[in-house]
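File shown: structure.txt. Contents: compact mmCIF, C-alpha atoms.
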# COMPACT_ATOMS: atom_id res chain seq x y z
CA MET A 1 -23.60 -16.34 9.32
CA THR A 2 -24.92 -18.47 12.10
CA GLU A 3 -28.05 -17.62 14.03
CA ARG A 4 -25.92 -16.86 17.05
CA GLU A 5 -23.84 -14.39 15.09
CA PHE A 6 -27.05 -12.84 13.83
CA LYS A 7 -28.42 -12.41 17.36
CA GLN A 8 -25.13 -10.81 18.33
CA LEU A 9 -25.42 -8.41 15.44
CA PHE A 10 -28.97 -7.60 16.47
CA ASP A 11 -28.01 -6.94 20.08
CA THR A 12 -25.20 -4.66 19.04
CA HIS A 13 -26.90 -2.58 16.38
CA PHE A 14 -30.69 -2.75 16.73
CA ASP A 15 -31.04 0.29 18.96
CA GLU A 16 -28.98 2.63 16.85
CA ILE A 17 -30.76 1.49 13.66
CA ARG A 18 -34.16 2.02 15.20
CA ASN A 19 -33.15 5.41 16.61
CA TYR A 20 -31.88 6.42 13.19
CA ILE A 21 -35.25 5.81 11.62
CA TRP A 22 -36.99 7.55 14.49
CA TYR A 23 -34.76 10.59 14.01
CA ARG A 24 -36.05 10.74 10.48
CA CYS A 25 -39.77 10.35 11.10
CA GLY A 26 -40.54 10.53 14.80
CA ASP A 27 -42.79 7.48 14.58
CA GLY A 28 -41.81 4.81 17.12
CA ASP A 29 -43.83 2.00 15.58
CA LEU A 30 -42.58 2.68 12.09
CA ALA A 31 -39.03 2.84 13.37
CA SER A 32 -39.40 -0.54 15.10
CA ASP A 33 -40.88 -2.09 11.97
CA VAL A 34 -38.29 -0.70 9.62
CA ALA A 35 -35.45 -1.77 11.89
CA GLN A 36 -36.86 -5.27 12.20
CA GLU A 37 -37.33 -5.47 8.45
CA SER A 38 -33.77 -4.47 7.72
CA PHE A 39 -32.43 -7.20 9.99
CA ALA A 40 -34.77 -9.73 8.41
CA LYS A 41 -33.53 -8.72 4.97
CA LEU A 42 -29.93 -9.01 6.09
CA TRP A 43 -30.58 -12.54 7.31
CA GLU A 44 -32.22 -13.38 4.02
CA LYS A 45 -29.33 -12.14 1.94
CA ARG A 46 -26.71 -13.63 4.24
CA PRO A 47 -23.95 -11.63 2.57
CA TYR A 48 -20.36 -12.78 2.61
CA ASN A 49 -19.03 -9.31 3.28
CA ASP A 50 -16.79 -9.13 6.24
CA SER A 51 -18.55 -8.13 9.43
CA SER A 52 -16.99 -4.67 9.51
CA LYS A 53 -19.12 -3.69 6.52
CA LEU A 54 -22.37 -5.10 7.93
CA ARG A 55 -23.09 -2.08 10.11
CA GLY A 56 -22.97 0.31 7.21
CA LEU A 57 -25.05 -2.13 5.19
CA LEU A 58 -27.73 -2.24 7.92
CA PHE A 59 -27.97 1.54 7.99
CA LYS A 60 -28.24 1.70 4.25
CA MET A 61 -30.87 -1.02 4.07
CA ALA A 62 -32.90 0.60 6.87
CA GLY A 63 -32.79 3.93 5.07
CA ASP A 64 -33.88 2.34 1.80
CA ILE A 65 -36.75 0.46 3.43
CA PHE A 66 -37.84 3.66 5.15
CA ILE A 67 -37.87 5.57 1.88
CA SER A 68 -39.88 2.92 0.05
CA ASN A 69 -42.28 2.70 2.99
CA TYR A 70 -42.59 6.48 3.09
CA ARG A 71 -43.36 6.49 -0.58
CA LYS A 72 -45.90 3.71 -0.16
CA LYS A 73 -47.77 5.66 2.44
CA ASN A 74 -47.66 8.60 0.12
CA SER A 75 -48.12 11.05 2.91
CA GLU A 76 -45.78 13.53 4.34
CA LEU A 77 -44.52 12.10 7.56
CA LYS A 78 -44.13 14.92 9.97
CA PHE A 79 -41.62 14.40 12.65
CA ARG A 80 -43.79 14.00 15.71
CA THR A 81 -42.03 14.02 18.96
CA THR A 82 -43.34 12.47 22.03
CA LEU A 83 -40.26 12.53 24.08
CA THR A 84 -40.93 10.88 27.37
CA GLN A 85 -39.64 12.57 30.39
CA LYS A 86 -37.64 10.44 32.71
CA PHE A 87 -38.69 10.74 36.27
CA GLU A 88 -36.79 13.42 38.13
CA ASN A 89 -37.17 15.33 41.32
CA LYS A 90 -38.21 18.83 40.57
CA THR A 91 -39.84 21.71 42.26
CA PRO A 92 -43.08 23.02 40.70
CA GLU A 93 -41.23 26.03 39.28
CA GLU A 94 -38.51 23.86 37.85
CA GLU A 95 -41.18 21.55 36.52
CA LEU A 96 -42.93 24.35 34.69
CA GLN A 97 -39.70 25.73 33.30
CA TYR A 98 -38.73 22.32 32.19
CA ILE A 99 -42.01 21.68 30.41
CA GLU A 100 -41.79 25.00 28.63
CA LEU A 101 -38.28 24.25 27.47
CA LYS A 102 -39.16 20.73 26.50
CA THR A 103 -42.03 21.96 24.34
CA LYS A 104 -39.82 24.48 22.59
CA TYR A 105 -37.19 21.86 22.08
CA GLU A 106 -39.63 19.35 20.62
CA LYS A 107 -40.97 22.00 18.33
CA ALA A 108 -37.48 22.87 17.19
CA LEU A 109 -36.69 19.25 16.46
CA ASN A 110 -39.95 18.96 14.63
CA GLU A 111 -39.23 21.93 12.40
CA MET A 112 -35.55 21.23 11.81
CA PRO A 113 -34.67 19.79 8.39
CA GLU A 114 -34.45 16.01 8.54
CA THR A 115 -30.84 15.87 7.44
CA GLN A 116 -29.74 18.17 10.25
CA ARG A 117 -31.90 16.44 12.80
CA VAL A 118 -30.47 13.00 12.09
CA VAL A 119 -26.92 14.23 12.56
CA PHE A 120 -27.82 16.30 15.62
CA LEU A 121 -29.60 13.51 17.46
CA MET A 122 -26.97 10.93 16.56
CA SER A 123 -24.47 13.22 18.21
CA ARG A 124 -26.43 14.38 21.24
CA HIS A 125 -28.69 11.40 21.90
CA ASP A 126 -26.71 8.40 20.65
CA LYS A 127 -23.54 10.13 21.73
CA LYS A 128 -21.86 9.25 18.45
CA ARG A 129 -18.63 10.92 17.37
CA TYR A 130 -18.63 12.85 14.12
CA LYS A 131 -16.43 10.19 12.54
CA GLU A 132 -18.95 7.52 13.46
CA ILE A 133 -21.83 9.57 12.10
CA ALA A 134 -19.94 10.01 8.87
CA GLU A 135 -19.37 6.25 8.60
CA VAL A 136 -22.96 5.16 9.12
CA THR A 137 -24.61 7.87 7.05
CA GLY A 138 -22.06 7.79 4.27
CA LEU A 139 -21.44 11.51 4.55
CA GLY A 140 -18.06 13.19 4.67
CA ILE A 141 -16.87 14.56 8.01
CA LYS A 142 -17.06 18.12 6.75
CA ALA A 143 -20.69 17.59 5.81
CA VAL A 144 -21.44 16.21 9.24
CA GLU A 145 -19.81 19.22 10.92
CA LYS A 146 -21.72 21.60 8.75
CA ARG A 147 -25.07 20.04 9.50
CA MET A 148 -24.27 19.93 13.20
CA SER A 149 -23.49 23.62 13.37
CA LYS A 150 -26.62 24.47 11.40
CA ALA A 151 -28.71 22.32 13.73
CA LEU A 152 -27.26 23.97 16.83
CA GLN A 153 -27.87 27.37 15.40
CA PHE A 154 -31.43 26.42 14.53
CA ILE A 155 -32.15 25.18 18.02
CA ARG A 156 -30.57 28.20 19.64
CA GLU A 157 -32.83 30.47 17.64
CA LYS A 158 -35.95 28.49 18.42
CA ILE A 159 -35.30 28.16 22.09
CA GLN A 160 -34.72 31.88 22.62
CA MET B 161 -28.62 22.85 29.27
CA LEU B 162 -29.44 21.18 26.03
CA ASP B 163 -27.48 18.16 27.15
CA GLU B 164 -29.43 18.04 30.35
CA LEU B 165 -32.58 18.11 28.30
CA ASN B 166 -31.42 15.37 26.01
CA ASP B 167 -30.23 13.19 28.82
CA SER B 168 -33.54 13.36 30.59
CA LEU B 169 -35.53 12.32 27.59
CA SER B 170 -36.03 8.96 26.05
CA ILE B 171 -37.69 7.86 22.91
CA PRO B 172 -41.06 6.20 23.42
CA TYR B 173 -41.14 2.87 21.69
CA ASN B 174 -44.18 0.70 22.10
CA LYS B 175 -42.23 -2.42 21.37
CA SER B 176 -39.21 -3.29 23.44
CA LYS B 177 -36.05 -4.64 21.93
CA GLU B 178 -36.94 -8.11 23.17
CA ASP B 179 -40.36 -7.84 21.59
CA VAL B 180 -38.81 -7.06 18.25
CA TRP B 181 -36.38 -9.92 18.55
CA ALA B 182 -39.21 -12.29 19.29
CA SER B 183 -41.11 -11.38 16.15
CA LEU B 184 -37.88 -11.25 14.12
CA SER B 185 -37.00 -14.81 15.15
CA ARG B 186 -40.38 -15.99 14.00
CA GLN B 187 -39.97 -14.08 10.77
CA ILE B 188 -36.65 -15.66 9.86
CA GLU B 189 -37.80 -19.12 10.85
CA ASN B 190 -40.27 -19.02 8.02
CA LYS B 191 -37.75 -17.92 5.49
CA PRO B 192 -36.02 -20.86 3.83
CA VAL B 193 -32.29 -20.64 3.37
CA LYS B 194 -31.78 -19.04 0.00
CA THR B 195 -29.19 -20.86 -2.04
CA ARG B 196 -26.51 -18.36 -2.68
CA ARG B 197 -26.46 -17.16 -6.19
CA LEU B 198 -22.80 -16.49 -6.11
CA ASN B 199 -20.20 -18.25 -4.05
CA TYR B 200 -17.67 -15.49 -3.79
CA ASN B 201 -14.85 -17.78 -2.80
CA LYS B 202 -15.41 -19.91 -5.83
CA VAL B 203 -15.61 -16.87 -8.05
CA ARG B 204 -12.32 -15.60 -6.64
CA MET B 205 -10.65 -18.97 -7.23
CA VAL B 206 -11.90 -19.20 -10.78
CA TRP B 207 -10.73 -15.66 -11.44
CA ALA B 208 -7.31 -16.44 -9.97
CA ALA B 209 -7.04 -19.60 -12.07
CA ALA B 210 -8.00 -17.67 -15.17
CA MET B 211 -5.37 -15.03 -14.45
CA ILE B 212 -2.72 -17.68 -13.96
CA ALA B 213 -3.73 -19.40 -17.18
CA LEU B 214 -3.55 -16.08 -18.97
CA LEU B 215 -0.10 -15.33 -17.62
CA VAL B 216 1.15 -18.79 -18.50
CA GLY B 217 -0.31 -18.44 -21.98
CA LEU B 218 1.36 -15.07 -22.35
CA GLY B 219 4.64 -16.52 -21.19
CA VAL B 220 4.39 -19.37 -23.64
CA LEU B 221 3.63 -16.94 -26.45
CA LEU B 222 6.58 -14.72 -25.57
CA ARG B 223 8.93 -17.63 -25.40
CA PHE B 224 7.77 -19.77 -28.29
CA TYR B 225 6.27 -17.52 -30.91
CA HIS B 226 8.53 -17.85 -33.92
CA TYR B 227 8.81 -16.17 -37.28
CA THR B 228 10.24 -17.63 -40.45
CA VAL B 229 11.70 -15.73 -43.37
CA GLU B 230 12.03 -17.57 -46.63
CA ALA B 231 13.92 -16.84 -49.81
CA LYS B 232 12.38 -18.85 -52.59
CA PRO B 233 14.42 -20.14 -55.51
CA GLY B 234 15.39 -17.17 -57.61
CA GLN B 235 15.02 -14.74 -54.70
CA ILE B 236 17.31 -13.13 -52.22
CA ALA B 237 15.64 -12.11 -48.97
CA ASN B 238 17.04 -9.40 -46.78
CA PHE B 239 15.70 -8.73 -43.28
CA PHE B 240 16.59 -7.29 -39.92
CA LEU B 241 16.31 -8.94 -36.57
CA PRO B 242 14.84 -7.04 -33.58
CA ASP B 243 18.28 -5.86 -32.43
CA GLY B 244 19.28 -4.53 -35.82
CA SER B 245 21.35 -7.51 -36.89
CA GLU B 246 21.02 -8.08 -40.60
CA VAL B 247 20.45 -11.34 -42.41
CA ILE B 248 20.70 -11.84 -46.16
CA LEU B 249 19.15 -15.10 -47.27
CA SER B 250 20.23 -16.75 -50.48
CA ALA B 251 17.80 -18.43 -52.88
CA GLY B 252 16.12 -21.52 -51.49
CA SER B 253 16.85 -20.74 -47.85
CA GLU B 254 14.84 -20.09 -44.76
CA ALA B 255 15.63 -18.71 -41.34
CA THR B 256 13.50 -18.92 -38.17
CA TYR B 257 13.79 -16.85 -35.03
CA TYR B 258 11.78 -15.91 -31.89
CA PRO B 259 10.90 -12.21 -32.08
CA LEU B 260 9.35 -11.81 -28.60
CA TRP B 261 12.21 -13.61 -26.89
CA TRP B 262 14.97 -11.84 -28.80
CA THR B 263 16.12 -9.58 -25.94
CA TYR B 264 16.88 -12.65 -23.83
CA SER B 265 18.29 -15.00 -26.39
CA ARG B 266 19.44 -14.44 -29.96
CA LYS B 267 18.94 -17.76 -31.75
CA VAL B 268 18.31 -18.35 -35.41
CA THR B 269 17.66 -21.65 -37.19
CA LEU B 270 18.99 -21.73 -40.72
CA ASP B 271 18.39 -24.12 -43.57
CA GLY B 272 20.21 -22.90 -46.64
CA GLU B 273 22.71 -20.11 -47.01
CA ALA B 274 22.82 -16.69 -45.40
CA PHE B 275 25.14 -13.86 -44.68
CA PHE B 276 24.91 -12.44 -41.16
CA LYS B 277 25.88 -9.00 -39.91
CA VAL B 278 25.49 -9.30 -36.15
CA GLN B 279 25.13 -6.32 -33.82
CA LYS B 280 27.12 -6.35 -30.62
CA GLY B 281 25.15 -7.85 -27.76
CA LYS B 282 24.31 -11.17 -26.22
CA THR B 283 25.50 -14.39 -27.80
CA PHE B 284 24.07 -14.82 -31.27
CA SER B 285 23.78 -18.37 -32.51
CA VAL B 286 22.71 -19.94 -35.79
CA LYS B 287 21.65 -23.55 -35.67
CA SER B 288 21.52 -25.87 -38.66
CA LYS B 289 21.39 -29.59 -39.14
CA ARG B 290 25.12 -30.20 -39.05
CA GLY B 291 26.44 -27.40 -36.91
CA ILE B 292 25.89 -24.47 -34.61
CA THR B 293 27.72 -21.22 -35.19
CA THR B 294 27.95 -18.70 -32.37
CA VAL B 295 29.18 -15.11 -32.39
CA VAL B 296 29.02 -11.96 -30.31
CA GLY B 297 29.25 -9.18 -32.83
CA THR B 298 30.60 -9.92 -36.22
CA SER B 299 29.78 -10.85 -39.80
CA PHE B 300 30.02 -14.21 -41.44
CA ASP B 301 28.53 -16.42 -44.11
CA ILE B 302 26.95 -19.76 -43.40
CA TYR B 303 26.22 -22.34 -46.03
CA ALA B 304 24.07 -25.07 -44.48
CA ARG B 305 22.56 -27.30 -47.09
CA ARG B 306 22.32 -31.05 -47.59
CA ASP B 307 25.56 -31.29 -49.50
CA ASN B 308 27.74 -29.26 -47.17
CA TYR B 309 28.00 -27.10 -44.04
CA ARG B 310 30.40 -24.23 -44.34
CA VAL B 311 31.08 -21.12 -42.29
CA VAL B 312 33.29 -18.30 -43.42
CA CYS B 313 34.26 -15.56 -41.00
CA TYR B 314 34.26 -12.09 -42.47
CA THR B 315 34.82 -9.87 -39.41
CA GLY B 316 35.03 -10.53 -35.70
CA LYS B 317 35.14 -13.99 -34.17
CA VAL B 318 32.99 -17.01 -34.85
CA TRP B 319 32.53 -20.23 -32.85
CA VAL B 320 31.48 -23.25 -34.80
CA GLU B 321 30.29 -26.50 -33.24
CA ALA B 322 29.42 -29.72 -35.03
CA GLN B 323 26.03 -31.14 -34.05
CA ASN B 324 26.82 -34.85 -33.88
CA SER B 325 30.45 -34.87 -32.77
CA LYS B 326 30.33 -31.71 -30.61
CA GLN B 327 33.74 -30.71 -32.03
CA LYS B 328 34.37 -26.98 -31.71
CA ILE B 329 36.49 -24.41 -33.47
CA ILE B 330 36.98 -20.63 -33.44
CA LEU B 331 37.30 -18.68 -36.68
CA THR B 332 38.82 -15.27 -37.23
CA PRO B 333 38.46 -13.16 -40.40
CA GLY B 334 39.54 -15.00 -43.46
CA GLU B 335 39.10 -18.43 -41.94
CA LYS B 336 36.69 -21.09 -43.03
CA ALA B 337 35.28 -24.23 -41.43
CA GLU B 338 33.38 -27.06 -43.07
CA ILE B 339 31.58 -29.92 -41.36
CA ASN B 340 31.18 -33.24 -43.10
CA THR B 341 28.45 -35.79 -42.48
CA ASN B 342 30.56 -37.51 -39.80
CA GLY B 343 30.68 -34.34 -37.78
CA GLU B 344 34.36 -33.71 -38.43
CA ILE B 345 35.44 -30.11 -38.78
CA LEU B 346 37.76 -29.23 -41.63
CA PHE B 347 39.56 -25.97 -41.11
CA SER B 348 41.14 -23.83 -43.79
CA LYS B 349 42.16 -20.27 -44.48
CA THR B 350 40.82 -18.43 -47.40
CA LYS B 351 42.62 -15.57 -49.11
CA ASN B 352 39.43 -14.27 -50.54
CA PRO B 353 36.50 -14.56 -48.11
CA GLY B 354 34.57 -12.28 -50.41
CA GLN B 355 34.02 -15.10 -52.82
CA TYR B 356 31.68 -16.72 -50.33
CA THR B 357 29.55 -13.66 -50.04
CA ALA B 358 29.63 -12.83 -53.71
CA TRP B 359 26.07 -14.08 -53.99
CA THR B 360 24.92 -11.02 -52.05
CA ASP B 361 26.25 -8.96 -54.97
CA ASN B 362 24.61 -11.05 -57.68
CA GLN B 363 27.76 -12.93 -58.49
CA PHE B 364 28.53 -16.59 -58.80
CA VAL B 365 31.96 -17.48 -57.50
CA PHE B 366 33.04 -21.08 -57.43
CA THR B 367 36.43 -22.37 -56.34
CA SER B 368 36.90 -26.02 -57.18
CA ILE B 369 33.31 -26.97 -56.53
CA PRO B 370 31.88 -30.23 -57.89
CA VAL B 371 30.17 -29.23 -61.10
CA GLN B 372 26.86 -30.88 -60.13
CA SER B 373 26.79 -28.70 -57.00
CA VAL B 374 27.41 -25.72 -59.25
CA PHE B 375 24.39 -26.58 -61.33
CA ASN B 376 22.30 -27.14 -58.18
CA GLU B 377 23.20 -23.70 -56.90
CA MET B 378 22.38 -22.20 -60.26
CA ALA B 379 19.01 -23.96 -60.21
CA ARG B 380 18.21 -22.37 -56.86
CA ARG B 381 19.35 -18.92 -57.82
CA PHE B 382 17.60 -18.89 -61.21
CA ASN B 383 14.56 -20.79 -59.98
CA VAL B 384 14.77 -23.45 -62.65
CA THR B 385 15.05 -27.21 -62.60
CA ILE B 386 18.28 -28.77 -63.79
CA THR B 387 18.54 -32.49 -64.37
CA PHE B 388 21.39 -34.63 -65.61
CA GLU B 389 21.31 -37.27 -68.30
CA LYS B 390 24.10 -39.02 -66.49
CA PRO B 391 26.21 -38.08 -63.42
CA ILE B 392 28.92 -35.53 -64.16
CA GLU B 393 32.36 -35.62 -62.60
CA GLY B 394 34.74 -32.75 -62.11
CA ASN B 395 35.23 -29.51 -60.19
CA TYR B 396 34.50 -26.08 -61.52
CA THR B 397 36.35 -22.86 -60.79
CA GLY B 398 35.13 -19.56 -62.10
CA ASN B 399 32.94 -16.55 -61.55
CA PHE B 400 30.23 -14.83 -63.48
CA PRO B 401 27.29 -12.59 -62.76
CA SER B 402 23.94 -14.00 -61.76
CA ASP B 403 21.85 -11.28 -63.27
CA ILE B 404 22.23 -12.65 -66.77
CA PRO B 405 19.87 -14.97 -68.66
CA VAL B 406 20.00 -18.49 -67.32
CA GLU B 407 20.98 -19.96 -70.71
CA LYS B 408 24.02 -17.76 -70.86
CA ALA B 409 25.05 -18.88 -67.37
CA LEU B 410 24.57 -22.53 -68.31
CA GLU B 411 26.76 -22.01 -71.40
CA ILE B 412 29.53 -20.57 -69.24
CA VAL B 413 29.62 -23.62 -67.00
CA CYS B 414 29.02 -26.23 -69.67
CA LYS B 415 31.78 -25.02 -71.97
CA PRO B 416 34.90 -26.13 -70.02
CA PHE B 417 33.40 -29.60 -69.59
CA GLY B 418 32.19 -29.99 -73.13
CA LEU B 419 28.60 -30.27 -71.99
CA SER B 420 25.46 -29.13 -73.66
CA PHE B 421 21.99 -28.53 -72.41
CA GLU B 422 18.50 -28.86 -73.75
CA LYS B 423 15.59 -26.76 -72.68
CA LYS B 424 12.43 -28.61 -71.78
CA ALA B 425 8.98 -27.45 -70.82
CA GLY B 426 8.42 -25.79 -67.45
CA HIS B 427 11.82 -24.13 -67.00
CA THR B 428 13.70 -27.41 -67.07
CA TYR B 429 17.10 -27.99 -68.53
CA VAL B 430 18.80 -31.30 -69.13
CA ILE B 431 22.57 -31.43 -69.11
CA LYS B 432 24.14 -33.86 -71.53

Representation of the structure as C-alpha cells:
Amino acid sequence: MTEREFKQLFDTHFDEIRNYIWYRCGDGDLASDVAQESFAKLWEKRPYNDSSKLRGLLFKMAGDIFISNYRKKNSELKFRTTLTQKFENKTPEEELQYIELKTKYEKALNEMPETQRVVFLMSRHDKKRYKEIAEVTGLGIKAVEKRMSKALQFIREKIQ
Amino acid sequence: MLDELNDSLSIPYNKSKEDVWASLSRQIENKPVKTRRLNYNKVRMVWAAAMIALLVGLGVLLRFYHYTVEAKPGQIANFFLPDGSEVILSAGSEATYYPLWWTYSRKVTLDGEAFFKVQKGKTFSVKSKRGITTVVGTSFDIYARRDNYRVVCYTGKVWVEAQNSKQKIILTPGEKAEINTNGEILFSKTKNPGQYTAWTDNQFVFTSIPVQSVFNEMARRFNVTITFEKPIEGNYTGNFPSDIPVEKALEIVCKPFGLSFEKKAGHTYVIK
C-alpha cells in the first residue's frame, strides 16, 4: 500500500470509523484517538488483503482497540451526549420545544443499550443501509433489523 | 420528527479530520517499514508447486508401481490379477505387473513358465525376452526360459510377436508357436494342448524333449540341483506325476537312456 492509497483510505473511511466509536461511548476525544490508532495500526501491518476487505478490517480493529482501551481505563464509560445544535431559525416557542425534545432524545440515546444505539445511529445519522451495517459490524441482517426495531421502540417510549 | 432532530444535530469533535490526519502522518513517519513476515504470493506459489509435485508423484506411482510374483524352485504360485485374470506360475518363474495401472493397460512381464486364464477386456499382453504374446480373453500357456520360448493356445485367440525379428503370428486353440534365438517363429499344431499345461496338475509331460532339458525342468520343479558328468544326447518322451519322490522321478527318466544317478550333499544329483 502506498502512502497515497493510505490517505485515500483515510479520507473515505475515517469519519464513519470515528462515528462508530462515538456511538459506543459518546466521547469525542476517545473516538478520535481510537480511529487514528486503528489507521496507524493498519499502516503498520500493511496487509495484503484486497482493498474490499480493508473496511471491515478497520471497523474490527477500531472496535478491538476501543475494548482494550475501555478495559484499561477500568471505568464504566457512560454514553455522554453533547449533540451540538446546528444553527437554525426558530421562534422562541419552537426553540423551547426543540430543546425539550433534544434533551429527551439525548437521554434516550444515553440509556439505550450500546448494541442498539450503534445500529440506530449508523442508520439514522450515517444514513447507512441495513446491509451496510451488517457488513461493517459483522452482524446478520436479521440481527440488525431486530436491534433497529428495538431501538425505535425504546426511543418512542422515552420521548412520549 | 426524529429525522429532523437527527439532521439538525452534529457530533462535537474537538479535533477535525485534518487535525487527525496531521498527527497520523507524523505517527506513521516514525514507524519503520516492518519487513513482512509472510509474503503471501510466495506462499501461494510454494503451495502450488508442492501440489503439482504431489500430483506428479502420485501419477508416477500410479503408472510405475509394479508388483512381482515369484514361484521358487519346487513351488507353483497361483495368483489373480486386478481384473480377475488368473496366472499359474510354474517352478522357477516370476511375473511382474502394474497393479495401479491395470485398468488402463494389462501388461505382464514373464520370465519362466505360466498358464494364463485371461478375462475379457482390454488387450492383455505378456512380454518375455524373446517374444510378446497378446490376447483379448482367452487361456494359454507360455514357456519363456533361456532354452526356448513357446506359446500354446488353449482357448480363444493369441497373438505372438518375436522381439528381435518382429515376426507375428495368430494362434487358435490347439496351435503352438515357438521362437528360436534368431527370432524366427516356428508354427505347429498340437493334438494334445493339455500336455503343455500338465504341470498345473502336478504332471510331467514331455514330447520329444532333449533329455538335458527334461532334467533341468525336473530340477526346477523338485527344487534340487542336477549336474551331468558329461553332456547327454537324446530326446525323451513320456509322462509321470510330479508329486512323487525325486529319486523315483529320476529313475523313470534315466532308465530308457541307461543312465544312473548319484546323490550328493545338499540335494544334488549327478547323472552318469

Which residues come within 9 Å of region 21-32 of chain A, counting only C-alpha atoms, excluding same-chain residues fewer than 3 positions away, as number ranges by chain? A: 16-18, 35-37, 62-63, 66, 77-82, 110, 114-115, 117-119, 121-122; B: 171-177, 180

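Every protein or nucleic acid residue with an atom no more than 8 Å from Asn376 (chain B), counting all atoms listed in the file and leaving out same-chain residues fewer than 4 positions away, appears here: Gln372, Arg380 and Ile386 of chain B.
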
Can you pull out the residues contacting Val406 (chain B)? Cut-off 12 Å, using all atoms listed in the file, and skip same-chain residues under 2 positions away; I want them as a PyMOL selection string. chain B and resi 234+375+378-386+400-404+408-413+421+423+427-429

Compare B:Leu169, B:Ala358, B:Ala425, B:Val295 by their minimum atom-to-atom distance to chain A, counting only C-alpha atoms, and give me the closest one.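 Closest candidate: B:Leu169.
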
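CA of Gln116 (chain A) lies 19.3 Å from CA of Gly56 (chain A).
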
Residues near region 148-160 of chain A, anyone? I mean within 9 Å using all atoms listed in the file, not counting same-chain ones fewer than 3 positions away, as a ChimeraX atom specification. /A:101,104-105,107-109,112-113,116-117,119-120,123,143-145

Just give me the gap between CA of Lys202 (chain B) and CA of Leu42 (chain A) in Å, one decimal is fine.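 These atoms are spaced 21.7 Å apart.
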